[in-house]
file my_file-v7.cif (mmCIF, C-alpha atoms)
data_start
loop_
_atom_site.label_atom_id
_atom_site.label_comp_id
_atom_site.auth_asym_id
_atom_site.auth_seq_id
_atom_site.Cartn_x
_atom_site.Cartn_y
_atom_site.Cartn_z
CA MET A 1 -5.51 -19.39 -1.62
CA SER A 2 -4.32 -18.08 -4.97
CA ASP A 3 -0.79 -16.82 -5.40
CA ASN A 4 -1.80 -13.18 -5.66
CA SER A 5 -4.44 -13.09 -2.91
CA ILE A 6 -1.94 -11.74 -0.36
CA GLN A 7 -0.95 -8.88 -2.66
CA ILE A 8 -4.63 -8.09 -3.22
CA ASN A 9 -5.25 -8.09 0.54
CA VAL A 10 -2.18 -5.94 1.22
CA GLY A 11 -3.32 -3.52 -1.49
CA LYS A 12 -6.80 -3.27 0.07
CA GLN A 13 -5.25 -2.69 3.49
CA ILE A 14 -3.02 0.09 2.13
CA GLN A 15 -6.08 1.70 0.56
CA LYS A 16 -8.06 1.38 3.80
CA LEU A 17 -5.26 2.92 5.87
CA ARG A 18 -4.71 5.70 3.31
CA GLU A 19 -8.40 6.62 3.31
CA PHE A 20 -8.51 6.47 7.13
CA LYS A 21 -5.59 8.95 7.22
CA GLY A 22 -7.43 11.23 4.76
CA LEU A 23 -4.81 10.96 2.03
CA SER A 24 -5.43 10.77 -1.70
CA GLN A 25 -3.56 8.22 -3.80
CA GLN A 26 -1.56 11.14 -5.18
CA ASP A 27 -0.65 12.32 -1.65
CA LEU A 28 0.53 8.88 -0.59
CA ALA A 29 2.40 8.31 -3.85
CA ALA A 30 4.22 11.65 -3.38
CA LYS A 31 5.15 10.79 0.22
CA CYS A 32 6.63 7.49 -1.05
CA ASN A 33 8.28 9.12 -4.08
CA PHE A 34 6.21 6.86 -6.40
CA GLU A 35 4.16 7.66 -9.47
CA LYS A 36 0.41 7.77 -8.76
CA SER A 37 -0.10 4.99 -11.34
CA ASN A 38 2.23 2.74 -9.33
CA MET A 39 0.28 3.45 -6.14
CA SER A 40 -2.94 2.64 -7.99
CA ARG A 41 -1.54 -0.72 -9.15
CA LEU A 42 -0.23 -1.46 -5.65
CA GLU A 43 -3.64 -0.80 -4.06
CA ALA A 44 -5.36 -2.89 -6.75
CA GLY A 45 -3.08 -5.84 -5.95
CA LYS A 46 -1.68 -5.86 -9.48
CA VAL A 47 1.97 -5.75 -8.37
CA ASN A 48 4.00 -7.82 -5.95
CA PRO A 49 5.67 -5.13 -3.82
CA THR A 50 9.17 -5.53 -2.43
CA LEU A 51 9.80 -5.25 1.29
CA SER A 52 11.49 -1.93 0.57
CA THR A 53 8.32 -0.65 -1.11
CA LEU A 54 6.16 -1.83 1.79
CA GLU A 55 8.52 -0.15 4.25
CA LYS A 56 8.19 3.18 2.39
CA VAL A 57 4.40 2.89 2.35
CA ALA A 58 4.24 1.99 6.05
CA LYS A 59 6.47 4.96 6.96
CA ALA A 60 4.39 7.31 4.78
CA LEU A 61 1.21 6.09 6.49
CA ASP A 62 2.90 6.26 9.92
CA VAL A 63 2.08 2.62 10.69
CA SER A 64 4.21 -0.45 11.34
CA ILE A 65 4.84 -2.70 8.36
CA VAL A 66 2.90 -5.42 10.22
CA GLU A 67 -0.28 -3.32 9.97
CA LEU A 68 -0.14 -3.67 6.19
CA PHE A 69 -0.80 -7.38 6.76
CA SER A 70 -3.65 -6.93 9.28
CA PHE A 71 -6.58 -8.02 7.15
#

call {"tool": "encode", "arguments": {"input": "my_file-v7.cif", "output": "structure tokens"}}
result
Amino acid sequence: MSDNSIQINVGKQIQKLREFKGLSQQDLAAKCNFEKSNMSRLEAGKVNPTLSTLEKVAKALDVSIVELFSF
């Protein structure tokens, strides 16, 4: 398992949950008070998010933080 595979999987899970909830990247970014470009990088697995960031995303998606790791 490569070092960044978990961040790629978390990013894919965030994207999957966002699409399931019918939100655009822009919508989710706004709910989290992030720039859309940051949300794009997060979903692409290009950044290593902090727990605080993951908590904001989980709250914005109305899911538990654990669901971000359900891949």

call {"tool": "resolve_selection", "arguments": {"input": "my_file-v7.cif", "expression": "the PyMOL selection byres ((chain A and resi 7-21) around 8)", "output": "ChimeraX atom specification"}}
result
/A:4-6,22-25,28,42-49,57,61,68-71

call {"tool": "atom_distance", "arguments": {"input": "my_file-v7.cif", "atom1": "atom CA of A:Ala60", "atom2": "atom CA of A:Ala29"}}
result
8.9 Å

call {"tool": "axis_aligned_box", "arguments": {"input": "my_file-v7.cif", "around": "stretch 13-31 of chain A", "padding_each_side": "3 Å", "output": "JSON"}}
result
{"center_x": -1.7, "center_y": 4.8, "center_z": 1.0, "size_x": 19.7, "size_y": 21.0, "size_z": 18.4}

call {"tool": "atom_distance", "arguments": {"input": "my_file-v7.cif", "atom1": "atom CA of A:Ser37", "atom2": "atom CA of A:Val66"}}
result
24.1 Å

call {"tool": "atom_distance", "arguments": {"input": "my_file-v7.cif", "atom1": "atom CA of A:Glu67", "atom2": "atom CA of A:Arg41"}}
result
19.3 Å
